[in-house]
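Asks: Can you keep this structure in mind? I'll have questions shortly.
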There are 2 protein chains.
Amino acid sequence: MSKKSNSGYKGAALSVLKNFDVNVWGDVRITTSDGEFSGIILPRSEIADDRHVVLKLTTGYNIGLEVGTIEEIEEHGSKEAHYKIPEKEFPFDPVKPNVVLLGTGGTIASRLDYRSGAVIPAFSPGELYGAVPELADICNLKTDKLYGVFSENITPEHWSGTAEAIKREVDNGADGIVIGHGTDTMHYTAAALSFMVKSTPVPIVMVGSQRSSDRPSSDAALNLINATWTAAYSDIAEVMVCMFGPTSDEYALLHRGTRVRKMHSSYRSTFRTIGDTPIARVSGGEINLIKKDYRRRNPETPLELDTVFDDRVSIVYYYPNMQPDIIDSLVDNGYKGIVIAGTGLGHVNKPLYPSLKRACDSGVHIFMTVETLWGYVQMYVYDTGRDIMELGVVPGANMLPEVAYVKLGWVLGHTHDREKVAEMMLTPYAGEITERETIDGYLIMQGGLPEMEKFLKNIHF
Amino acid sequence: MSKKSNSGYKGAALSVLKNFDVNVWGDVRITTSDGEFSGIILPRSEIADDRHVVLKLTTGYNIGLEVGTIEEIEEHGSKEAHYKIPEKEFPFDPVKPNVVLLGTGGTIASRLDYRSGAVIPAFSPGELYGAVPELADICNLKTDKLYGVFSENITPEHWSGTAEAIKREVDNGADGIVIGHGTDTMHYTAAALSFMVKSTPVPIVMVGSQRSSDRPSSDAALNLINATWTAAYSDIAEVMVCMFGPTSDEYALLHRGTRVRKMHSSYRSTFRTIGDTPIARVSGGEINLIKKDYRRRNPETPLELDTVFDDRVSIVYYYPNMQPDIIDSLVDNGYKGIVIAGTGLGHVNKPLYPSLKRACDSGVHIFMTVETLWGYVQMYVYDTGRDIMELGVVPGANMLPEVAYVKLGWVLGHTHDREKVAEMMLTPYAGEITERETIDGYLIMQGGLPEMEKFLKNIHF
């Protein structure tokens with residue numbers, strides 16, 4: 001974010017800033033019909049409305065001022081002041097559980113550096129205590145910044161490195177692990193850790209934020225509180241994702257690492273369990289279980305690692321008229337595993353058949369998943385499905401395409417034996433394949449007539 | 001389906017068939033504690049329970065017999081009888097609207113041929129009248145079988161051929177068009193027809209079935225009735241998909257052709273409007289509008305076709321650790337358009353940047369969409385997004401990846417001029433880009449606390 005832009009402002013709000021010749025990051029006093037407010041003009045998100053100027057008050061709180069109420073904006077004389085999260089030593093309480101926060105990148109908590117306009121991640125226990133003091137009521141916190149990458153740049157090396165850090169901290173006595181991670185690929189990492197950490201005595205909770213903590217609507221602090229609470233006190237010793245349940249901040253959901261997917265590019269409620277219900281909800285220091293089948297916290301359980309990975313794997317997302325060169329190129333380029341996201345129950349078009357056969361014959365392992373995301377691959381129903389299986393393509397049950405991709409790399413790290421690969425792929429190691437998908441796990445507006453009637457009743461033209 | 005298998009039967013139900021040495025398609029008399037039943041043993045779906053044997057009675061009705069009640073199964077002596085839908089001439093009523101049903105493949109209504117065990121599609125008006133007599137209460141029906149392909153094998157030639165058939169029938173006076181289509185790729189075809197039929201005076205309604213009409217739970221007849229009703233009487237002159245709303249048969253939903261996606265591999269409620277609400281619901285001859293912005297039926301509107309298509313387009317579904325060869329191979333193989341389904345707000349990893357730049361520099365048109373499916377691409381929020389735009393990649397707003405793929409082929413049929421392609425891609429021609437996504441368009445279990453409380457209350461361990 002550059003200092004002199006008015007990033008995010010548009011329409012009426014942008015006009016007001018221009019009228020008074022002030023910019024984002026300006027240290028200002030704004031006179032409104034509701035009173036005077038002093039603070040720093042914050043940038044806004046691209047999707048924000050054009051009716052508010054958002055100010056970071058000197059108290060640390062953010063406030064949105066409706067443009068119609070703004071009478072005057074004066075820039076303060078001094079530009080030297082800068083906003084800083086107060087930093088205090090994180091208190092230690094021998095009675096509280098010990099939680100370790102591992103950082104991989106992505107903004108969890110942050111502070112603004114007024115001089116540069118940069119968002120500086122708060123990460124040390126002291127900084128976090130200053131930013132989110134509630135954490136000290138929950139646990140003793142230790143932090144370790146493993147990486148600092150945007151999550152689209154995460155690789156299998158980051159996955160195995162994070163798994164190793166988890167083992168180190170758990171072996172050192174951590175009662176729970178929180179992993180800060182960018183949301184873009186958090187579900188891929190959650191799946192990878194689910195396979196690489198074969199068993200754990202304590203909860204492993206991934207968390208991130210959809211809106212960084214310099215924004216009024218940030219989910220960063222609440223996600224961190226809920227994730228830390230889960231790591232410290234929950235009975236669920238699995239790899240989970242902890243993020244907003246609804247779009248509002250009423251509660252967080254705990255999603256199993258192998259059944260979760262990012263489903264909205266900007267909503268804070270973006271992570272959803274697919275084809276199942278979440279494991280639990282977390283809210284205000286309370287954990288309400290939704291599922292009963294999960295692995296229990298048990299200090300006797302050894303943390304077992306298995307971090308092998310063969311990264312010569314790919315996802316092919318089928319579309320009508322796909323040509324065989326898509327498959328041929330992967331084979332020619334040395335890929336050893338392909339996850340197809342097919343249509344319907346697991347189909348691709350006939351022109352691909354010879355290429356798929358050639359790929360399978362040459363030792364490439366191909367698994368079918370469904371691009372519908374919900375539901376099972378069922379290749380026995382139609383002749384076409386049976387034909388595709390004849391070529392050597394193996395149905396992947398109800399594994400999500402992304403999870404099958406991660407798992408195939410992990411399996412190929414162990415073996416390239418055809419039967420053994422298929423056997424491992426179809427064995428559920430971490431809940432990635434379920435015997436059935438509950439109806440509660442499907443989409444909105446399918447709950448039947450009463451819900452639909454209610455919905456229709458609320459529409460006013 | 002082969003004659004001698006017991007397809008779909010398992011567990012207790014399969015044991016009963018084996019005990020009495022009978023098979024699927026067998027013409028039998030079953031003695032149960034509730035009485036005697038004569039008919040043909042029907043195959044079951046892969047996901048059916050193992051507690052029932054399903055019989056097609058001589059009346060034409062299907063019945064599920066609980067295995068615990070079955071005392072004896074005797075095979076009839078004669079194998080000559082075969083089941084046939086009664087065929088009658090479809091009545092003509094000059095007062096009723098004229099609807100044309102175009103067939104592309106996929107099973108809408110079907111009859112069983114006992115001798116071969118094959119499912120034979122019912123398609124002539126007379127056959128359909130025999131299978132779904134309600135159709136004659138709605139309209140005068142004409143049918144035309146354009147193709148007979150499983151929908152995964154549909155190509156752009158089928159799209160343009162169907163568009164041309166629509167024009168022919170509308171110009172000949174049809175008051176509405178119904179298109180029977182396999183469900184696998186129905187949403188791709190719906191998008192293609194939305195662009196290729198630029199304007200229409202009458203409704204164009206795509207329909208299919210998730211379970212063919214030889215199965216007890218078939219949605220075929222009801223979908224056909226609802227789609228025909230919509231074509232005959234609705235005010236909505238757009239390309240729509242008409243399929244089950246909830247998993248039960250309470251109502252159908254009408255989805256805009258460019259905002260709909262198949263979201264479950266086996267549910268009958270598989271088609272969902274993404275990021276918006278459906279246009280309307282249809283039930284029992286009643287159409288309840290949900291949206292008010294749609295194109296109205298108007299006999300004065302000319303049906304305008306624009307069926308060009310350049311099929312050198314592809315979808316790249318981003319995953320962590322994607323290597324540049326994925327992009328390079330597409331360019332080397334002559335693709336001219338690439339739709340990326342990126343993570344988060346529209347991201348890919350840094351190792352792809354040089355390949356993306358090379359692709360754009362060499363005249364390949366690359367558009368970014370989001371693999372979250374819900375939400376907008378927003379590449380101005382992070383530096384990485386801006387970097388990717390610098391390479392020449394254009395953000396695709398909230399177009400679904402599948403819709404962007406179809407649209408890009410259609411646009412490249414018109415022009416390869418860089419600016420003109422971008423301009424056309426970002427112009428909404430058929431509702432494929434919306435100004436905002438309504439909260440009602442997102443997923444289940446995010447309606448806030450009251451719904452969640454209700455949900456939790458219904459869980460019993």
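Ordering of the structure tokens sets the chain letters (A, B, ...); residue numbers start at 1 within each chain; ligands are numbered from 1 in the order shown.
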What lies within 9 Å of stretch 9-14 of chain A using only C-alpha atoms, ignoring chain neighbours under 4 positions off, as a ChimeraX atom specification?

Replies: /A:18-19,24,43-46,48-53,66-68

Asks: Please, which residues in chain B fall within 6 Å of chain A when counting only C-alpha atoms, and what is the closest atom pair and distance in Å to one decimal for each, ordered by chain then residue number, as JSON lines?

Replies:
```
{"residue": "B:Glu152", "atom": "CA", "partner": "A:Asn349", "partner_atom": "CA", "distance": 5.2}
{"residue": "B:Asn153", "atom": "CA", "partner": "A:Asn349", "partner_atom": "CA", "distance": 4.8}
{"residue": "B:Thr155", "atom": "CA", "partner": "A:Asn321", "partner_atom": "CA", "distance": 5.1}
{"residue": "B:Asp184", "atom": "CA", "partner": "A:Gly344", "partner_atom": "CA", "distance": 4.5}
{"residue": "B:Pro246", "atom": "CA", "partner": "A:Gln446", "partner_atom": "CA", "distance": 3.9}
{"residue": "B:Lys262", "atom": "CA", "partner": "A:Thr372", "partner_atom": "CA", "distance": 5.6}
{"residue": "B:Met263", "atom": "CA", "partner": "A:Thr372", "partner_atom": "CA", "distance": 4.1}
{"residue": "B:His264", "atom": "CA", "partner": "A:Trp374", "partner_atom": "CA", "distance": 4.5}
{"residue": "B:Ser265", "atom": "CA", "partner": "A:Gly375", "partner_atom": "CA", "distance": 4.8}
{"residue": "B:Asn321", "atom": "CA", "partner": "A:Thr155", "partner_atom": "CA", "distance": 5.2}
{"residue": "B:Thr343", "atom": "CA", "partner": "A:Asp184", "partner_atom": "CA", "distance": 5.3}
{"residue": "B:Gly344", "atom": "CA", "partner": "A:Asp184", "partner_atom": "CA", "distance": 4.5}
{"residue": "B:Leu345", "atom": "CA", "partner": "A:Ser265", "partner_atom": "CA", "distance": 5.1}
{"residue": "B:Val348", "atom": "CA", "partner": "A:Glu152", "partner_atom": "CA", "distance": 5.8}
{"residue": "B:Asn349", "atom": "CA", "partner": "A:Asn153", "partner_atom": "CA", "distance": 4.8}
{"residue": "B:Thr372", "atom": "CA", "partner": "A:Met263", "partner_atom": "CA", "distance": 4.1}
{"residue": "B:Trp374", "atom": "CA", "partner": "A:His264", "partner_atom": "CA", "distance": 4.5}
{"residue": "B:Gly375", "atom": "CA", "partner": "A:Ser265", "partner_atom": "CA", "distance": 4.9}
{"residue": "B:Leu443", "atom": "CA", "partner": "A:Ile444", "partner_atom": "CA", "distance": 5.1}
{"residue": "B:Ile444", "atom": "CA", "partner": "A:Ile444", "partner_atom": "CA", "distance": 4.1}
{"residue": "B:Gln446", "atom": "CA", "partner": "A:Pro246", "partner_atom": "CA", "distance": 4.0}
{"residue": "B:Gly448", "atom": "CA", "partner": "A:Pro246", "partner_atom": "CA", "distance": 5.4}
```

Asks: Check stretch 265-406 of chain B with DSSP on the backbone and list each residue it calls helix (DSSP H, G or I), as a PyMOL selection string.

Replies: chain B and resi 325-332+350-361+383-390+401-406

Asks: Write out the residues from the selection above, keeping N, CA and C atoms, as a compact mmCIF listing (two decimals), in the first residue's frame.

Replies:
```txt
# COMPACT_ATOMS: atom_id res chain seq x y z
N ASP B 325 5.54 -25.55 -16.58
CA ASP B 325 5.28 -26.36 -17.78
C ASP B 325 3.78 -26.47 -18.08
N ILE B 326 2.95 -26.32 -17.06
CA ILE B 326 1.50 -26.39 -17.28
C ILE B 326 1.07 -25.28 -18.25
N ILE B 327 1.58 -24.08 -18.04
CA ILE B 327 1.25 -22.95 -18.91
C ILE B 327 2.00 -23.09 -20.25
N ASP B 328 3.30 -23.40 -20.16
CA ASP B 328 4.13 -23.51 -21.37
C ASP B 328 3.53 -24.50 -22.37
N SER B 329 3.08 -25.66 -21.87
CA SER B 329 2.55 -26.68 -22.78
C SER B 329 1.32 -26.17 -23.51
N LEU B 330 0.47 -25.43 -22.83
CA LEU B 330 -0.74 -24.91 -23.48
C LEU B 330 -0.35 -23.96 -24.61
N VAL B 331 0.61 -23.08 -24.31
CA VAL B 331 1.05 -22.13 -25.34
C VAL B 331 1.67 -22.88 -26.51
N ASP B 332 2.56 -23.83 -26.20
CA ASP B 332 3.23 -24.58 -27.26
C ASP B 332 2.23 -25.39 -28.09
N LYS B 350 4.56 -17.58 -7.71
CA LYS B 350 5.54 -16.79 -8.44
C LYS B 350 6.22 -17.57 -9.56
N PRO B 351 6.53 -18.87 -9.39
CA PRO B 351 7.22 -19.59 -10.48
C PRO B 351 6.46 -19.57 -11.81
N LEU B 352 5.16 -19.28 -11.78
CA LEU B 352 4.40 -19.24 -13.04
C LEU B 352 4.55 -17.90 -13.76
N TYR B 353 5.01 -16.87 -13.06
CA TYR B 353 4.99 -15.52 -13.65
C TYR B 353 5.68 -15.44 -15.01
N PRO B 354 6.93 -15.95 -15.13
CA PRO B 354 7.57 -15.81 -16.45
C PRO B 354 6.77 -16.51 -17.56
N SER B 355 6.20 -17.66 -17.27
CA SER B 355 5.42 -18.37 -18.29
C SER B 355 4.15 -17.61 -18.65
N LEU B 356 3.53 -17.01 -17.66
CA LEU B 356 2.32 -16.24 -17.94
C LEU B 356 2.66 -15.02 -18.80
N LYS B 357 3.80 -14.41 -18.49
CA LYS B 357 4.20 -13.25 -19.28
C LYS B 357 4.49 -13.66 -20.73
N ARG B 358 5.24 -14.75 -20.87
CA ARG B 358 5.55 -15.25 -22.21
C ARG B 358 4.25 -15.54 -22.98
N ALA B 359 3.28 -16.16 -22.29
CA ALA B 359 2.01 -16.49 -22.93
C ALA B 359 1.29 -15.22 -23.38
N CYS B 360 1.18 -14.26 -22.48
CA CYS B 360 0.47 -13.01 -22.82
C CYS B 360 1.20 -12.27 -23.94
N ASP B 361 2.52 -12.22 -23.84
CA ASP B 361 3.30 -11.52 -24.87
C ASP B 361 3.13 -12.17 -26.24
N ASP B 383 -0.13 -6.98 -3.47
CA ASP B 383 0.90 -6.77 -4.48
C ASP B 383 0.92 -7.91 -5.48
N THR B 384 0.74 -9.13 -4.99
CA THR B 384 0.84 -10.29 -5.88
C THR B 384 -0.21 -10.22 -6.98
N GLY B 385 -1.41 -9.80 -6.62
CA GLY B 385 -2.45 -9.65 -7.63
C GLY B 385 -2.06 -8.62 -8.68
N ARG B 386 -1.52 -7.50 -8.19
CA ARG B 386 -1.10 -6.45 -9.13
C ARG B 386 0.03 -6.95 -10.02
N ASP B 387 0.96 -7.71 -9.43
CA ASP B 387 2.06 -8.27 -10.23
C ASP B 387 1.52 -9.16 -11.34
N ILE B 388 0.52 -9.97 -11.02
CA ILE B 388 -0.02 -10.91 -12.01
C ILE B 388 -0.73 -10.13 -13.12
N MET B 389 -1.40 -9.05 -12.77
CA MET B 389 -2.03 -8.23 -13.81
C MET B 389 -0.98 -7.59 -14.72
N GLU B 390 0.14 -7.19 -14.11
CA GLU B 390 1.24 -6.60 -14.88
C GLU B 390 1.70 -7.54 -16.00
N PRO B 401 -15.59 -20.06 -13.36
CA PRO B 401 -14.53 -20.52 -14.27
C PRO B 401 -15.09 -21.20 -15.52
N GLU B 402 -16.11 -22.02 -15.36
CA GLU B 402 -16.70 -22.74 -16.48
C GLU B 402 -17.34 -21.78 -17.47
N VAL B 403 -18.00 -20.77 -16.94
CA VAL B 403 -18.68 -19.79 -17.79
C VAL B 403 -17.65 -18.94 -18.52
N ALA B 404 -16.57 -18.57 -17.82
CA ALA B 404 -15.51 -17.79 -18.44
C ALA B 404 -14.86 -18.59 -19.57
N TYR B 405 -14.72 -19.89 -19.37
CA TYR B 405 -14.16 -20.76 -20.42
C TYR B 405 -15.03 -20.73 -21.67
N VAL B 406 -16.32 -20.92 -21.50
CA VAL B 406 -17.24 -20.92 -22.64
C VAL B 406 -17.25 -19.54 -23.30
```

Asks: I'd like the interatomic distance between atom CA of B:Thr427 and atom CA of B:Ala397, to a tenth of an Å.

Replies: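 Taking atom CA of B:Thr427 and atom CA of B:Ala397, their separation equals 10.1 Å.
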
Asks: Just list the residues in stretch 295-348 of chain B DSSP gives strand (DSSP E or B) on the backbone, as a PyMOL selection string.

Replies: chain B and resi 296+304-305+313-317+337-343+347

Asks: So, with only C-alpha atoms as the atoms that count, which of B:Pro203, B:Gly35, B:Pro428, B:Gly176 lies closest to B:Leu101?

Replies: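 Among the listed residues, B:Gly176 lies closest to B:Leu101.
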
Asks: Tell me, as a PDB file with N, CA and C atoms, in the first residue's frame, which residues lie within 10 Å of A:Trp229, counting only C-alpha atoms; anything in the same chain fewer than 4 positions away does not count.

Replies:
```pdb
ATOM      1  N   PRO A  97      -2.521 -23.777  30.042  1.00  0.00           N
ATOM      2  CA  PRO A  97      -1.893 -24.626  29.014  1.00  0.00           C
ATOM      3  C   PRO A  97      -0.874 -23.832  28.196  1.00  0.00           C
ATOM      4  N   VAL A  99       0.603 -23.016  24.650  1.00  0.00           N
ATOM      5  CA  VAL A  99       0.260 -23.065  23.232  1.00  0.00           C
ATOM      6  C   VAL A  99       1.400 -22.454  22.432  1.00  0.00           C
ATOM      7  N   LEU A 135      -5.545 -13.143  24.673  1.00  0.00           N
ATOM      8  CA  LEU A 135      -4.758 -14.373  24.555  1.00  0.00           C
ATOM      9  C   LEU A 135      -4.147 -14.778  25.890  1.00  0.00           C
ATOM     10  N   ASP A 137      -5.419 -14.519  28.751  1.00  0.00           N
ATOM     11  CA  ASP A 137      -6.403 -15.177  29.617  1.00  0.00           C
ATOM     12  C   ASP A 137      -6.536 -16.659  29.289  1.00  0.00           C
ATOM     13  N   ILE A 138      -6.040 -17.036  28.124  1.00  0.00           N
ATOM     14  CA  ILE A 138      -6.258 -18.394  27.632  1.00  0.00           C
ATOM     15  C   ILE A 138      -5.088 -19.312  27.957  1.00  0.00           C
ATOM     16  N   CYS A 139      -3.879 -18.834  27.725  1.00  0.00           N
ATOM     17  CA  CYS A 139      -2.735 -19.744  27.728  1.00  0.00           C
ATOM     18  C   CYS A 139      -1.432 -18.999  27.948  1.00  0.00           C
ATOM     19  N   GLY A 176      -0.999 -27.553  22.726  1.00  0.00           N
ATOM     20  CA  GLY A 176      -1.798 -27.287  21.523  1.00  0.00           C
ATOM     21  C   GLY A 176      -0.978 -26.429  20.578  1.00  0.00           C
ATOM     22  N   VAL A 178      -1.106 -23.759  17.236  1.00  0.00           N
ATOM     23  CA  VAL A 178      -1.852 -22.891  16.314  1.00  0.00           C
ATOM     24  C   VAL A 178      -0.907 -22.557  15.158  1.00  0.00           C
ATOM     25  N   VAL A 205      -4.303 -26.464  15.112  1.00  0.00           N
ATOM     26  CA  VAL A 205      -5.365 -25.584  14.628  1.00  0.00           C
ATOM     27  C   VAL A 205      -4.810 -24.552  13.654  1.00  0.00           C
ATOM     28  N   ASN A 223     -10.467 -14.746  15.231  1.00  0.00           N
ATOM     29  CA  ASN A 223     -10.005 -16.054  14.769  1.00  0.00           C
ATOM     30  C   ASN A 223      -8.858 -16.565  15.636  1.00  0.00           C
ATOM     31  N   LEU A 224      -7.944 -15.642  15.969  1.00  0.00           N
ATOM     32  CA  LEU A 224      -6.786 -16.038  16.766  1.00  0.00           C
ATOM     33  C   LEU A 224      -7.220 -16.472  18.166  1.00  0.00           C
ATOM     34  N   ILE A 225      -8.161 -15.740  18.732  1.00  0.00           N
ATOM     35  CA  ILE A 225      -8.666 -16.099  20.066  1.00  0.00           C
ATOM     36  C   ILE A 225      -9.334 -17.476  20.025  1.00  0.00           C
ATOM     37  N   TYR A 233      -7.673 -25.909  24.912  1.00  0.00           N
ATOM     38  CA  TYR A 233      -8.655 -26.629  25.732  1.00  0.00           C
ATOM     39  C   TYR A 233      -9.455 -27.709  25.007  1.00  0.00           C
ATOM     40  N   SER A 234      -9.480 -27.716  23.668  1.00  0.00           N
ATOM     41  CA  SER A 234     -10.400 -28.672  23.040  1.00  0.00           C
ATOM     42  C   SER A 234      -9.868 -30.087  23.155  1.00  0.00           C
ATOM     43  N   VAL A 282     -16.963 -22.955  17.951  1.00  0.00           N
ATOM     44  CA  VAL A 282     -16.242 -22.324  19.066  1.00  0.00           C
ATOM     45  C   VAL A 282     -16.747 -20.911  19.197  1.00  0.00           C
ATOM     46  N   SER A 283     -17.035 -20.542  20.407  1.00  0.00           N
ATOM     47  CA  SER A 283     -17.573 -19.197  20.626  1.00  0.00           C
ATOM     48  C   SER A 283     -17.447 -18.842  22.092  1.00  0.00           C
ATOM     49  N   GLY A 284     -16.854 -17.694  22.368  1.00  0.00           N
ATOM     50  CA  GLY A 284     -16.789 -17.192  23.747  1.00  0.00           C
ATOM     51  C   GLY A 284     -16.239 -18.201  24.733  1.00  0.00           C
ATOM     52  N   GLY A 285     -15.193 -18.916  24.339  1.00  0.00           N
ATOM     53  CA  GLY A 285     -14.579 -19.861  25.260  1.00  0.00           C
ATOM     54  C   GLY A 285     -15.381 -21.132  25.456  1.00  0.00           C
ATOM     55  N   GLU A 286     -16.310 -21.393  24.524  1.00  0.00           N
ATOM     56  CA  GLU A 286     -17.100 -22.615  24.640  1.00  0.00           C
ATOM     57  C   GLU A 286     -16.969 -23.397  23.338  1.00  0.00           C
ATOM     58  N   ILE A 287     -16.823 -24.709  23.471  1.00  0.00           N
ATOM     59  CA  ILE A 287     -16.737 -25.541  22.272  1.00  0.00           C
ATOM     60  C   ILE A 287     -17.944 -26.464  22.247  1.00  0.00           C
TER      61      ILE A 287
END
```

Asks: With only C-alpha atoms as the basis for distance, which of A:Lys56, A:His76, A:Lys142, A:His255 is at the shortest distance from A:Asp27?

Replies: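 Selected residue with least distance to A:Asp27: A:His76.
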
Asks: Within 7 Å of B:His365, counting only C-alpha atoms, which residues show up once you throw out same-chain ones fewer than 3 positions away? Write them as a ChimeraX atom specification, please.

Replies: /B:336-338,360

Asks: Taking 4 positions as the minimum chain separation for residues in the same chain, which residues sit within 7 Å of A:Val308 when counting only C-alpha atoms? Answer as an NGL selection string.

Replies: :A and (410 or 413-414)

Asks: Save the residues we just selected, N, CA and C atoms, as an mmCIF file, in the first residue's frame?

Replies:
```
data_model
loop_
_atom_site.group_PDB
_atom_site.id
_atom_site.type_symbol
_atom_site.label_atom_id
_atom_site.label_comp_id
_atom_site.auth_asym_id
_atom_site.auth_seq_id
_atom_site.Cartn_x
_atom_site.Cartn_y
_atom_site.Cartn_z
ATOM 1 N N TRP A 410 1.652 -37.457 -1.515
ATOM 2 C CA TRP A 410 2.110 -38.102 -0.288
ATOM 3 C C TRP A 410 2.240 -39.622 -0.489
ATOM 4 N N GLY A 413 5.128 -40.581 -2.528
ATOM 5 C CA GLY A 413 6.362 -40.506 -1.748
ATOM 6 C C GLY A 413 6.706 -41.838 -1.100
ATOM 7 N N HIS A 414 5.695 -42.706 -0.937
ATOM 8 C CA HIS A 414 5.903 -44.007 -0.299
ATOM 9 C C HIS A 414 6.144 -45.124 -1.318
#
```

Asks: For A:Val394, please output as a count of residues only all residues within 7 Å (counting only C-alpha atoms; exclusion window: fewer than 5 positions along the same chain).

Replies: 4

Asks: Between atom CA of B:Leu303 and atom CA of B:Ile274, what is the distance in Å, rounded to a tenth?

Replies: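 These atoms are spaced 27.0 Å apart.
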
Asks: Would you compute the distance between atom CA of B:Met196 and atom CA of B:Asp306? Give it in Å to one decimal.

Replies: 4.7 Å

Asks: I'd like to know which of B:Thr143, B:Ser209, B:Thr31, B:Ser199 is closest to B:Ile70, using only C-alpha atoms.

Replies: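 Smallest separation from B:Ile70 among the options: B:Thr31.
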
Asks: Select, from A:Met243, A:Leu141, A:Val100, A:Ala422, the residue with the minimum atom-to-atom distance to A:Val202, counting only C-alpha atoms.

Replies: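 Comparing A:Met243, A:Leu141, A:Val100, A:Ala422 against A:Val202, the winner is A:Val100.
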